[in-house]
file final.pdb (PDB, C-alpha atoms)
ATOM      1  CA  MET A   1      54.635 -14.137 -18.929
ATOM      2  CA  LEU A   2      58.367 -13.539 -19.262
ATOM      3  CA  ARG A   3      60.217 -12.855 -15.992
ATOM      4  CA  VAL A   4      63.820 -11.680 -16.153
ATOM      5  CA  ARG A   5      65.547 -11.682 -12.753
ATOM      6  CA  PHE A   6      68.353  -9.161 -12.279
ATOM      7  CA  THR A   7      71.106  -8.932  -9.695
ATOM      8  CA  ALA A   8      72.803  -5.608  -8.946
ATOM      9  CA  GLU A   9      75.645  -6.741 -11.199
ATOM     10  CA  ASP A  10      73.201  -7.413 -14.047
ATOM     11  CA  PHE A  11      71.893  -3.839 -13.956
ATOM     12  CA  ALA A  12      75.469  -2.656 -14.481
ATOM     13  CA  ARG A  13      75.765  -4.983 -17.484
ATOM     14  CA  ILE A  14      72.684  -3.980 -19.456
ATOM     15  CA  ARG A  15      73.750  -3.015 -22.969
ATOM     16  CA  PHE A  16      71.914  -1.878 -26.089
ATOM     17  CA  THR A  17      73.238  -3.045 -29.453
ATOM     18  CA  PRO A  18      74.618  -0.003 -31.316
ATOM     19  CA  ARG A  19      73.717  -1.473 -34.722
ATOM     20  CA  PRO A  20      71.114  -3.930 -36.036
ATOM     21  CA  ALA A  21      72.176  -7.565 -36.412
ATOM     22  CA  PRO A  22      71.417  -8.744 -39.979
ATOM     23  CA  LEU A  23      71.000 -12.444 -39.211
ATOM     24  CA  GLN A  24      68.878 -11.862 -36.113
ATOM     25  CA  GLU A  25      66.628  -9.464 -38.039
ATOM     26  CA  LEU A  26      66.424 -11.953 -40.918
ATOM     27  CA  HIS A  27      65.325 -14.755 -38.591
ATOM     28  CA  ALA A  28      62.727 -12.471 -37.005
ATOM     29  CA  ALA A  29      61.383 -11.557 -40.450
ATOM     30  CA  LEU A  30      61.212 -15.165 -41.614
ATOM     31  CA  THR A  31      59.480 -16.175 -38.375
ATOM     32  CA  THR A  32      56.844 -13.501 -38.986
ATOM     33  CA  ALA A  33      56.427 -14.384 -42.656
ATOM     34  CA  VAL A  34      56.415 -18.157 -42.441
ATOM     35  CA  VAL A  35      55.717 -19.314 -38.883
ATOM     36  CA  ARG A  36      53.589 -16.744 -37.068
ATOM     37  CA  ARG A  37      50.631 -15.193 -38.843
ATOM     38  CA  GLY A  38      48.669 -12.098 -37.907
ATOM     39  CA  GLY A  39      50.206  -8.760 -36.993
ATOM     40  CA  PRO A  40      49.362  -5.252 -38.241
ATOM     41  CA  PRO A  41      47.327  -5.024 -41.490
ATOM     42  CA  LEU A  42      50.300  -3.919 -43.601
ATOM     43  CA  PHE A  43      52.076  -7.187 -42.862
ATOM     44  CA  ALA A  44      49.578  -9.176 -44.966
ATOM     45  CA  PRO A  45      50.638  -7.895 -48.428
ATOM     46  CA  TRP A  46      54.286  -7.966 -47.328
ATOM     47  CA  ARG A  47      53.994 -11.588 -46.201
ATOM     48  CA  GLY A  48      52.433 -12.590 -49.532
ATOM     49  CA  ARG A  49      55.234 -10.937 -51.507
ATOM     50  CA  ILE A  50      57.935 -12.526 -49.357
ATOM     51  CA  LEU A  51      56.533 -16.023 -49.744
ATOM     52  CA  ARG A  52      56.221 -15.573 -53.513
ATOM     53  CA  SER A  53      59.680 -14.072 -54.009
ATOM     54  CA  LEU A  54      61.926 -16.252 -51.818
ATOM     55  CA  PRO A  55      64.291 -18.111 -54.183
ATOM     56  CA  ALA A  56      64.727 -21.870 -54.084
ATOM     57  CA  THR A  57      68.254 -21.414 -52.720
ATOM     58  CA  ALA A  58      66.697 -20.097 -49.473
ATOM     59  CA  GLY A  59      64.638 -23.271 -49.077
ATOM     60  CA  PRO A  60      67.088 -25.114 -46.776
ATOM     61  CA  LEU A  61      66.337 -22.565 -44.022
ATOM     62  CA  ALA A  62      62.875 -24.116 -43.682
ATOM     63  CA  ASP A  63      64.523 -27.474 -42.915
ATOM     64  CA  LEU A  64      66.220 -25.888 -39.902
ATOM     65  CA  VAL A  65      62.969 -24.717 -38.335
ATOM     66  CA  PRO A  66      60.606 -27.688 -38.145
ATOM     67  CA  GLU A  67      57.353 -26.702 -36.451
ATOM     68  CA  GLY A  68      58.695 -23.180 -35.939
ATOM     69  CA  ARG A  69      61.395 -24.173 -33.453
ATOM     70  CA  PRO A  70      64.782 -22.793 -34.567
ATOM     71  CA  PRO A  71      68.022 -24.126 -33.068
ATOM     72  CA  SER A  72      69.638 -21.617 -30.731
ATOM     73  CA  PHE A  73      72.985 -21.593 -32.568
ATOM     74  CA  LEU A  74      71.337 -19.520 -35.334
ATOM     75  CA  ASP A  75      70.810 -16.609 -32.920
ATOM     76  CA  VAL A  76      73.999 -14.575 -33.182
ATOM     77  CA  ILE A  77      74.764 -10.874 -32.896
ATOM     78  CA  GLY A  78      77.042  -9.807 -35.742
ATOM     79  CA  ASP A  79      77.362  -6.435 -37.437
ATOM     80  CA  THR A  80      77.412  -8.026 -40.903
ATOM     81  CA  MET A  81      76.137 -11.199 -42.535
ATOM     82  CA  ALA A  82      79.714 -12.469 -42.727
ATOM     83  CA  ASP A  83      80.342 -11.814 -39.021
ATOM     84  CA  GLY A  84      77.121 -13.568 -38.106
ATOM     85  CA  PHE A  85      77.834 -16.628 -40.199
ATOM     86  CA  GLU A  86      81.359 -16.921 -38.774
ATOM     87  CA  GLN A  87      79.841 -17.017 -35.293
ATOM     88  CA  ILE A  88      77.364 -19.706 -36.357
ATOM     89  CA  ARG A  89      80.129 -21.712 -38.030
ATOM     90  CA  ALA A  90      82.179 -21.550 -34.835
ATOM     91  CA  THR A  91      79.444 -23.341 -32.857
ATOM     92  CA  SER A  92      80.764 -26.523 -31.275
ATOM     93  CA  PRO A  93      79.644 -29.753 -32.959
ATOM     94  CA  GLY A  94      78.197 -30.904 -29.636
ATOM     95  CA  LEU A  95      75.895 -27.884 -29.361
ATOM     96  CA  VAL A  96      74.878 -28.180 -33.017
ATOM     97  CA  ARG A  97      73.972 -31.831 -32.459
ATOM     98  CA  SER A  98      72.052 -31.226 -29.203
ATOM     99  CA  GLU A  99      70.091 -28.312 -30.665
ATOM    100  CA  LEU A 100      69.139 -30.251 -33.791
ATOM    101  CA  GLU A 101      68.012 -33.143 -31.601
ATOM    102  CA  ARG A 102      65.935 -30.704 -29.546
ATOM    103  CA  VAL A 103      64.121 -29.101 -32.486
ATOM    104  CA  TYR A 104      63.623 -32.323 -34.464
ATOM    105  CA  GLY A 105      62.790 -34.741 -31.677
ATOM    106  CA  ALA A 106      61.671 -37.993 -33.306
ATOM    107  CA  VAL A 107      61.293 -36.412 -36.780
ATOM    108  CA  PRO A 108      63.852 -37.662 -39.339
ATOM    109  CA  VAL A 109      66.647 -35.131 -39.886
ATOM    110  CA  PRO A 110      67.435 -34.200 -43.536
ATOM    111  CA  ARG A 111      70.795 -35.535 -44.664
ATOM    112  CA  TRP A 112      72.379 -32.127 -45.302
ATOM    113  CA  ILE A 113      71.523 -30.993 -41.759
ATOM    114  CA  ARG A 114      73.191 -34.079 -40.270
ATOM    115  CA  GLY A 115      76.276 -32.872 -42.099
ATOM    116  CA  LEU A 116      76.367 -29.657 -40.042
ATOM    117  CA  HIS A 117      77.441 -31.271 -36.782
ATOM    118  CA  ALA A 118      79.692 -33.642 -38.739
ATOM    119  CA  GLY A 119      81.609 -30.594 -40.020
ATOM    120  CA  ASP A 120      80.726 -31.200 -43.664
ATOM    121  CA  GLU A 121      81.750 -28.041 -45.546
ATOM    122  CA  THR A 122      79.147 -28.646 -48.262
ATOM    123  CA  ALA A 123      76.388 -28.596 -45.635
ATOM    124  CA  TRP A 124      77.699 -25.372 -44.110
ATOM    125  CA  HIS A 125      77.967 -23.815 -47.561
ATOM    126  CA  THR A 126      74.324 -24.747 -48.187
ATOM    127  CA  LEU A 127      73.296 -22.913 -45.006
ATOM    128  CA  HIS A 128      75.431 -19.863 -45.817
ATOM    129  CA  ARG A 129      74.064 -19.627 -49.364
ATOM    130  CA  ALA A 130      70.470 -19.955 -48.108
ATOM    131  CA  GLN A 131      70.953 -17.145 -45.569
ATOM    132  CA  ARG A 132      72.486 -14.837 -48.179
ATOM    133  CA  ALA A 133      69.657 -15.511 -50.644
ATOM    134  CA  ALA A 134      66.991 -14.851 -48.006
ATOM    135  CA  PHE A 135      68.693 -11.651 -46.864
ATOM    136  CA  GLU A 136      68.917 -10.285 -50.407
ATOM    137  CA  THR A 137      65.201 -10.912 -50.930
ATOM    138  CA  VAL A 138      63.772  -9.950 -47.545
ATOM    139  CA  LEU A 139      66.061  -7.339 -45.994
ATOM    140  CA  ALA A 140      68.503  -5.880 -48.521
ATOM    141  CA  PRO A 141      65.847  -3.623 -50.144
ATOM    142  CA  VAL A 142      65.029  -2.036 -46.765
ATOM    143  CA  TRP A 143      68.246  -2.413 -44.787
ATOM    144  CA  SER A 144      68.967   1.329 -44.785
ATOM    145  CA  VAL A 145      65.517   1.889 -43.261
ATOM    146  CA  VAL A 146      66.188  -0.769 -40.607
ATOM    147  CA  GLN A 147      69.425   1.044 -39.752
ATOM    148  CA  ASP A 148      67.605   4.386 -39.455
ATOM    149  CA  LEU A 149      64.918   2.878 -37.234
ATOM    150  CA  HIS A 150      67.551   1.204 -35.066
ATOM    151  CA  ARG A 151      69.344   4.523 -34.545
ATOM    152  CA  GLU A 152      66.061   6.136 -33.539
ATOM    153  CA  GLU A 153      65.345   3.329 -31.056
ATOM    154  CA  PHE A 154      68.897   3.462 -29.680
ATOM    155  CA  THR A 155      68.603   7.217 -29.136
ATOM    156  CA  ARG A 156      65.182   6.906 -27.494
ATOM    157  CA  TYR A 157      66.471   4.277 -25.082
ATOM    158  CA  ALA A 158      69.612   6.282 -24.241
ATOM    159  CA  LEU A 159      67.669   9.480 -23.573
ATOM    160  CA  THR A 160      65.105   7.697 -21.414
ATOM    161  CA  ALA A 161      67.840   5.978 -19.390
ATOM    162  CA  ALA A 162      69.700   9.278 -18.943
ATOM    163  CA  GLU A 163      66.617  11.302 -17.945
ATOM    164  CA  HIS A 164      64.526   8.765 -16.022
ATOM    165  CA  GLY A 165      66.766   5.795 -15.205
ATOM    166  CA  VAL A 166      67.243   2.231 -16.413
ATOM    167  CA  ALA A 167      63.932   0.995 -14.999
ATOM    168  CA  ALA A 168      61.962   3.501 -17.067
ATOM    169  CA  ALA A 169      64.033   2.673 -20.148
ATOM    170  CA  LEU A 170      63.355  -1.055 -19.776
ATOM    171  CA  THR A 171      59.629  -0.768 -19.161
ATOM    172  CA  GLY A 172      59.417   1.744 -22.014
ATOM    173  CA  LEU A 173      60.542  -1.004 -24.388
ATOM    174  CA  ALA A 174      57.568  -3.155 -23.424
ATOM    175  CA  PRO A 175      54.301  -1.308 -22.741
ATOM    176  CA  GLY A 176      52.516  -3.049 -19.875
ATOM    177  CA  SER A 177      55.685  -4.526 -18.399
ATOM    178  CA  ARG A 178      56.997  -3.604 -14.962
ATOM    179  CA  LEU A 179      60.221  -3.827 -12.985
ATOM    180  CA  HIS A 180      59.569  -4.838  -9.393
ATOM    181  CA  GLU A 181      62.131  -5.933  -6.798
ATOM    182  CA  GLY A 182      64.689  -6.796  -9.443
ATOM    183  CA  VAL A 183      62.291  -8.771 -11.658
ATOM    184  CA  TRP A 184      61.249  -7.475 -15.085
ATOM    185  CA  GLU A 185      57.792  -8.893 -15.777
ATOM    186  CA  TRP A 186      56.545  -8.913 -19.367
ATOM    187  CA  PRO A 187      52.860 -10.023 -19.418
ATOM    188  CA  GLY A 188      51.525 -11.828 -22.458
ATOM    189  CA  ALA A 189      54.901 -13.167 -23.576
ATOM    190  CA  ALA A 190      54.735 -16.804 -24.600
ATOM    191  CA  PRO A 191      55.832 -19.326 -23.602
ATOM    192  CA  ASP A 192      55.917 -18.670 -19.861
ATOM    193  CA  ARG A 193      59.586 -18.273 -18.875
ATOM    194  CA  ASP A 194      61.569 -17.407 -15.783
ATOM    195  CA  VAL A 195      65.171 -16.371 -16.560
ATOM    196  CA  CYS A 196      67.828 -15.685 -13.923
ATOM    197  CA  LEU A 197      70.691 -13.600 -15.281
ATOM    198  CA  ASP A 198      72.995 -14.310 -12.305
ATOM    199  CA  GLY A 199      75.456 -11.551 -13.175
ATOM    200  CA  ARG A 200      75.694 -12.338 -16.912
ATOM    201  CA  GLY A 201      73.958  -9.106 -17.953
ATOM    202  CA  LEU A 202      71.434  -8.437 -20.689
ATOM    203  CA  LEU A 203      71.874  -7.323 -24.296
ATOM    204  CA  LEU A 204      68.894  -5.481 -25.826
ATOM    205  CA  LEU A 205      68.237  -5.760 -29.555
ATOM    206  CA  PRO A 206      65.186  -4.184 -31.251
ATOM    207  CA  THR A 207      63.567  -5.930 -34.203
ATOM    208  CA  PHE A 208      61.251  -4.302 -36.730
ATOM    209  CA  HIS A 209      59.899  -7.497 -38.301
ATOM    210  CA  HIS A 210      58.538  -9.443 -35.338
ATOM    211  CA  PRO A 211      55.532  -7.721 -33.735
ATOM    212  CA  ALA A 212      54.336 -10.710 -31.708
ATOM    213  CA  GLY A 213      56.524 -10.405 -28.607
ATOM    214  CA  PRO A 214      60.029 -10.833 -27.171
ATOM    215  CA  LEU A 215      62.533 -13.455 -28.286
ATOM    216  CA  LEU A 216      64.988 -14.396 -25.539
ATOM    217  CA  GLN A 217      68.271 -16.165 -26.158
ATOM    218  CA  ASP A 218      69.572 -17.603 -22.879
ATOM    219  CA  THR A 219      72.884 -19.393 -23.406
ATOM    220  CA  PRO A 220      74.697 -20.492 -20.211
ATOM    221  CA  GLY A 221      77.881 -18.533 -19.611
ATOM    222  CA  HIS A 222      76.887 -15.690 -21.942
ATOM    223  CA  PRO A 223      74.825 -12.511 -21.548
ATOM    224  CA  ALA A 224      71.151 -13.111 -22.287
ATOM    225  CA  VAL A 225      69.977 -11.477 -25.520
ATOM    226  CA  LEU A 226      66.469 -10.001 -25.577
ATOM    227  CA  THR A 227      65.152  -9.253 -29.061
ATOM    228  CA  TYR A 228      62.042  -7.130 -28.634
ATOM    229  CA  PRO A 229      59.508  -5.676 -31.117
ATOM    230  CA  ALA A 230      60.160  -1.964 -31.586
ATOM    231  CA  GLY A 231      57.538   0.588 -32.545
ATOM    232  CA  ALA A 232      54.751  -0.356 -34.909
ATOM    233  CA  GLY A 233      56.863  -2.835 -36.865
ATOM    234  CA  LEU A 234      58.171  -2.614 -40.377
ATOM    235  CA  PRO A 235      56.264  -4.139 -43.300
ATOM    236  CA  PRO A 236      59.039  -3.639 -45.872
ATOM    237  CA  ALA A 237      58.682  -2.862 -49.558
ATOM    238  CA  VAL A 238      60.096  -5.538 -51.827
ATOM    239  CA  GLY A 239      60.169  -4.286 -55.390
ATOM    240  CA  GLY A 240      57.905  -1.317 -54.745
ATOM    241  CA  PRO A 241      55.700   0.383 -52.138
ATOM    242  CA  VAL A 242      54.082  -1.711 -49.450
ATOM    243  CA  ALA A 243      50.657  -1.373 -51.016
ATOM    244  CA  SER A 244      48.906   0.529 -53.779
ATOM    245  CA  THR A 245      47.658   4.039 -53.156
ATOM    246  CA  GLU A 246      44.074   2.767 -53.191
ATOM    247  CA  ALA A 247      44.879   0.057 -50.660
ATOM    248  CA  LEU A 248      46.662   2.518 -48.371
ATOM    249  CA  ALA A 249      43.783   4.993 -48.668
ATOM    250  CA  ALA A 250      41.335   2.256 -47.681
ATOM    251  CA  LEU A 251      43.509   1.394 -44.685
ATOM    252  CA  LEU A 252      44.507   4.863 -43.470
ATOM    253  CA  GLY A 253      41.803   7.076 -44.972
ATOM    254  CA  ARG A 254      42.469   9.499 -47.823
ATOM    255  CA  THR A 255      43.009  12.562 -45.633
ATOM    256  CA  ARG A 256      45.404  10.718 -43.349
ATOM    257  CA  LEU A 257      47.299   9.334 -46.337
ATOM    258  CA  GLU A 258      47.529  12.864 -47.751
ATOM    259  CA  ALA A 259      48.831  14.064 -44.395
ATOM    260  CA  LEU A 260      51.482  11.339 -44.450
ATOM    261  CA  GLY A 261      52.585  12.560 -47.872
ATOM    262  CA  LEU A 262      52.765  16.182 -46.719
ATOM    263  CA  LEU A 263      54.837  15.280 -43.682
ATOM    264  CA  ALA A 264      57.851  14.524 -45.871
ATOM    265  CA  GLU A 265      58.548  18.117 -44.825
ATOM    266  CA  PRO A 266      57.976  19.418 -41.277
ATOM    267  CA  HIS A 267      54.582  20.991 -40.647
ATOM    268  CA  THR A 268      53.055  22.711 -37.677
ATOM    269  CA  THR A 269      49.516  21.696 -36.810
ATOM    270  CA  THR A 270      48.266  24.939 -38.351
ATOM    271  CA  SER A 271      50.171  24.553 -41.627
ATOM    272  CA  LEU A 272      49.108  20.905 -41.883
ATOM    273  CA  ALA A 273      45.466  21.882 -41.316
ATOM    274  CA  ARG A 274      45.737  24.574 -43.979
ATOM    275  CA  ALA A 275      47.254  22.173 -46.528
ATOM    276  CA  LEU A 276      44.620  19.509 -45.804
ATOM    277  CA  GLN A 277      41.826  22.099 -45.640
ATOM    278  CA  VAL A 278      40.623  20.788 -42.285
ATOM    279  CA  SER A 279      40.408  22.263 -38.801
ATOM    280  CA  ASN A 280      43.416  22.395 -36.486
ATOM    281  CA  ALA A 281      41.739  19.827 -34.240
ATOM    282  CA  ALA A 282      41.292  17.414 -37.168
ATOM    283  CA  ALA A 283      44.903  17.915 -38.308
ATOM    284  CA  SER A 284      46.123  17.262 -34.771
ATOM    285  CA  SER A 285      44.030  14.069 -34.639
ATOM    286  CA  HIS A 286      45.471  12.807 -37.935
ATOM    287  CA  ALA A 287      49.029  13.537 -36.770
ATOM    288  CA  ALA A 288      48.374  11.745 -33.467
ATOM    289  CA  ALA A 289      47.072   8.648 -35.289
ATOM    290  CA  LEU A 290      50.115   8.559 -37.558
ATOM    291  CA  ARG A 291      52.385   9.054 -34.562
ATOM    292  CA  SER A 292      50.798   6.151 -32.659
ATOM    293  CA  ALA A 293      51.411   3.932 -35.710
ATOM    294  CA  GLY A 294      55.090   4.936 -35.778
ATOM    295  CA  MET A 295      54.711   6.808 -39.074
ATOM    296  CA  ALA A 296      55.204  10.356 -37.757
ATOM    297  CA  THR A 297      56.910  12.186 -34.932
ATOM    298  CA  THR A 298      55.846  15.293 -33.057
ATOM    299  CA  THR A 299      58.269  17.698 -31.387
ATOM    300  CA  ARG A 300      57.375  20.667 -29.201
ATOM    301  CA  THR A 301      59.394  23.848 -28.841
ATOM    302  CA  GLY A 302      57.677  26.239 -26.484
ATOM    303  CA  ARG A 303      54.150  26.615 -27.837
ATOM    304  CA  SER A 304      55.105  25.419 -31.310
ATOM    305  CA  VAL A 305      54.357  21.816 -32.333
ATOM    306  CA  THR A 306      55.995  20.320 -35.419
ATOM    307  CA  HIS A 307      55.083  17.041 -37.123
ATOM    308  CA  ARG A 308      57.258  15.056 -39.533
ATOM    309  CA  ARG A 309      57.222  11.661 -41.208
ATOM    310  CA  THR A 310      59.418   8.865 -39.854
ATOM    311  CA  ALA A 311      61.464   6.372 -41.856
ATOM    312  CA  LEU A 312      58.593   3.906 -41.484
ATOM    313  CA  GLY A 313      56.128   6.479 -42.822
ATOM    314  CA  THR A 314      58.376   7.103 -45.816
ATOM    315  CA  LEU A 315      58.588   3.380 -46.489
ATOM    316  CA  VAL A 316      54.818   2.976 -46.284
ATOM    317  CA  VAL A 317      54.088   5.646 -48.907
ATOM    318  CA  GLY A 318      57.025   4.498 -51.025
ATOM    319  CA  ALA A 319      58.432   7.998 -51.581
TER     320      ALA A 319
END

call {"tool": "encode", "arguments": {"input": "final.pdb", "output": "structure tokens"}}
result
Amino acid sequence: MLRVRFTAEDFARIRFTPRPAPLQELHAALTTAVVRRGGPPLFAPWRGRILRSLPATAGPLADLVPEGRPPSFLDVIGDTMADGFEQIRATSPGLVRSELERVYGAVPVPRWIRGLHAGDETAWHTLHRAQRAAFETVLAPVWSVVQDLHREEFTRYALTAAEHGVAAALTGLAPGSRLHEGVWEWPGAAPDRDVCLDGRGLLLLPTFHHPAGPLLQDTPGHPAVLTYPAGAGLPPAVGGPVASTEALAALLGRTRLEALGLLAEPHTTTSLARALQVSNAAASSHAAALRSAGMATTTRTGRSVTHRRTALGTLVVGA
């Protein structure tokens, strides 16, 4: 379980990142693809494509994460890849050294990594080039979708906080979590952690590539950064749709896949039922299933209900 302990000052310093952070999202995606298996069914074909398509120039990133334990200086919040790398490059040699010692333990450290805390520009160039190559392969093809999803998540959080308060907004980010007596408890998060903010505040950052649970960066003297899985996750298309039509039909069902295609344009339950040639109840059930998977939204105006595909739904069907 993750426990985040707030003071009154911390509640006043909760912030939500206005834009996605490319390097943080990249590290989340690589963790999902390489380190942590499982996840929603659509992640399996995505993971296979990522592992096959990563160029050799991205290989040094694997050296930095032995046994799936990344050094904390890689976790930065920058609006662009360049901003993020500048923040990483500005890390003090002492912190670079201590973090590499932590993640490697008694395992021999590759020579180029030893050059990082020694200030060797060739070593830092190797890291920068590897990050750029991985970003171009993993995230560049879907970055506009990540930005759309981030805006949707930002808006949802802001509206919930405005209408129901910060406590409801926080617990809404993590189904099953609760805020009790100043402690935000997130069951199922591993490893078990107890974090005291002590007035430093909390920065919230959604990720769409890491469905397994929260990632908490807790650097003394700085606001804690909580990267949390948003929605149903994003299995991105690299060089084409996430899966073939036949594979998607087997996963979603042909009628539901047809509904997802139709919802490129807004449909009421009645118009969707008419187009699918099913009952209103069946159309409503299909829309609800797509909505729960993050592929569709439903809005109500009076007695009228309208369904429409989300950015994730568009990405899934590849159109």

call {"tool": "resolve_selection", "arguments": {"input": "final.pdb", "expression": "the PyMOL selection byres ((chain A and resi 61-76) around 8)", "output": "list of chain:residue names"}}
result
A:Ala21, A:Leu23, A:Gln24, A:Thr31, A:Val35, A:Ala58, A:Gly59, A:Pro60, A:Ile77, A:Gly78, A:Gly84, A:Gln87, A:Ile88, A:Thr91, A:Leu95, A:Val96, A:Glu99, A:Leu100, A:Arg102, A:Val103, A:Tyr104, A:Pro110, A:Ile113, A:Leu127, A:Ala130, A:Gln131, A:Gln217

call {"tool": "write_last_selection", "arguments": {"input": "final.pdb", "atoms": "C-alpha atoms", "output": "short mmCIF file (atom, residue, chain, number, x, y, z; two decimals), in the coordinates of the input"}}
result
data_model
loop_
_atom_site.label_atom_id
_atom_site.label_comp_id
_atom_site.auth_asym_id
_atom_site.auth_seq_id
_atom_site.Cartn_x
_atom_site.Cartn_y
_atom_site.Cartn_z
CA ALA A 21 72.18 -7.56 -36.41
CA LEU A 23 71.00 -12.44 -39.21
CA GLN A 24 68.88 -11.86 -36.11
CA THR A 31 59.48 -16.18 -38.38
CA VAL A 35 55.72 -19.31 -38.88
CA ALA A 58 66.70 -20.10 -49.47
CA GLY A 59 64.64 -23.27 -49.08
CA PRO A 60 67.09 -25.11 -46.78
CA ILE A 77 74.76 -10.87 -32.90
CA GLY A 78 77.04 -9.81 -35.74
CA GLY A 84 77.12 -13.57 -38.11
CA GLN A 87 79.84 -17.02 -35.29
CA ILE A 88 77.36 -19.71 -36.36
CA THR A 91 79.44 -23.34 -32.86
CA LEU A 95 75.90 -27.88 -29.36
CA VAL A 96 74.88 -28.18 -33.02
CA GLU A 99 70.09 -28.31 -30.66
CA LEU A 100 69.14 -30.25 -33.79
CA ARG A 102 65.94 -30.70 -29.55
CA VAL A 103 64.12 -29.10 -32.49
CA TYR A 104 63.62 -32.32 -34.46
CA PRO A 110 67.44 -34.20 -43.54
CA ILE A 113 71.52 -30.99 -41.76
CA LEU A 127 73.30 -22.91 -45.01
CA ALA A 130 70.47 -19.95 -48.11
CA GLN A 131 70.95 -17.14 -45.57
CA GLN A 217 68.27 -16.16 -26.16
#

call {"tool": "atom_distance", "arguments": {"input": "final.pdb", "atom1": "CA of Thr297 (chain A)", "atom2": "CA of Leu272 (chain A)"}}
result
13.6 Å

call {"tool": "resolve_selection", "arguments": {"input": "final.pdb", "expression": "the PyMOL selection byres ((chain A and resi 280-288) around 12)", "output": "compact mmCIF listing (two decimals) with C-alpha atoms, in the coordinates of the input"}}
result
# COMPACT_ATOMS: atom_id res chain seq x y z
CA LEU A 252 44.51 4.86 -43.47
CA GLY A 253 41.80 7.08 -44.97
CA ARG A 254 42.47 9.50 -47.82
CA THR A 255 43.01 12.56 -45.63
CA ARG A 256 45.40 10.72 -43.35
CA LEU A 257 47.30 9.33 -46.34
CA GLU A 258 47.53 12.86 -47.75
CA ALA A 259 48.83 14.06 -44.40
CA LEU A 260 51.48 11.34 -44.45
CA GLY A 261 52.58 12.56 -47.87
CA LEU A 262 52.76 16.18 -46.72
CA LEU A 263 54.84 15.28 -43.68
CA PRO A 266 57.98 19.42 -41.28
CA HIS A 267 54.58 20.99 -40.65
CA THR A 268 53.06 22.71 -37.68
CA THR A 269 49.52 21.70 -36.81
CA THR A 270 48.27 24.94 -38.35
CA SER A 271 50.17 24.55 -41.63
CA LEU A 272 49.11 20.90 -41.88
CA ALA A 273 45.47 21.88 -41.32
CA ARG A 274 45.74 24.57 -43.98
CA ALA A 275 47.25 22.17 -46.53
CA LEU A 276 44.62 19.51 -45.80
CA GLN A 277 41.83 22.10 -45.64
CA VAL A 278 40.62 20.79 -42.28
CA SER A 279 40.41 22.26 -38.80
CA ALA A 289 47.07 8.65 -35.29
CA LEU A 290 50.12 8.56 -37.56
CA ARG A 291 52.38 9.05 -34.56
CA SER A 292 50.80 6.15 -32.66
CA ALA A 293 51.41 3.93 -35.71
CA GLY A 294 55.09 4.94 -35.78
CA MET A 295 54.71 6.81 -39.07
CA ALA A 296 55.20 10.36 -37.76
CA THR A 297 56.91 12.19 -34.93
CA THR A 298 55.85 15.29 -33.06
CA THR A 299 58.27 17.70 -31.39
CA VAL A 305 54.36 21.82 -32.33
CA THR A 306 56.00 20.32 -35.42
CA HIS A 307 55.08 17.04 -37.12
CA ARG A 308 57.26 15.06 -39.53
CA ARG A 309 57.22 11.66 -41.21
CA THR A 310 59.42 8.86 -39.85
CA GLY A 313 56.13 6.48 -42.82

call {"tool": "atom_distance", "arguments": {"input": "final.pdb", "atom1": "CA of Thr137 (chain A)", "atom2": "CA of Leu51 (chain A)"}}
result
10.1 Å

call {"tool": "resolve_selection", "arguments": {"input": "final.pdb", "expression": "the PyMOL selection byres ((chain A and resi 136) around 12)", "output": "PyMOL selection string"}}
result
chain A and resi 22-23+26+50+53-55+57-58+81+129-135+137-143+238-239

call {"tool": "residues_around", "arguments": {"input": "final.pdb", "residues": "region 181-184 of chain A", "least_positions_apart": "5", "cutoff": "7 Å", "atoms": "all atoms listed in the file", "output": "MDAnalysis selection string"}}
result
chainID A and resid 3:7

call {"tool": "write_last_selection", "arguments": {"input": "final.pdb", "atoms": "C-alpha atoms", "output": "PDB file, in the coordinates of the input"}}
result
ATOM      1  CA  ARG A   3      60.217 -12.855 -15.992  1.00  0.00           C
ATOM      2  CA  VAL A   4      63.820 -11.680 -16.153  1.00  0.00           C
ATOM      3  CA  ARG A   5      65.547 -11.682 -12.753  1.00  0.00           C
ATOM      4  CA  PHE A   6      68.353  -9.161 -12.279  1.00  0.00           C
ATOM      5  CA  THR A   7      71.106  -8.932  -9.695  1.00  0.00           C
TER       6      THR A   7
END

call {"tool": "atom_distance", "arguments": {"input": "final.pdb", "atom1": "CA of Ile14 (chain A)", "atom2": "CA of His27 (chain A)"}}
result
23.2 Å

call {"tool": "closest_residue", "arguments": {"input": "final.pdb", "among": "A:Ala230, A:Leu215, A:Leu204, A:Ala311", "to": "Arg15 (chain A)", "atoms": "all atoms listed in the file"}}
result
A:Leu204
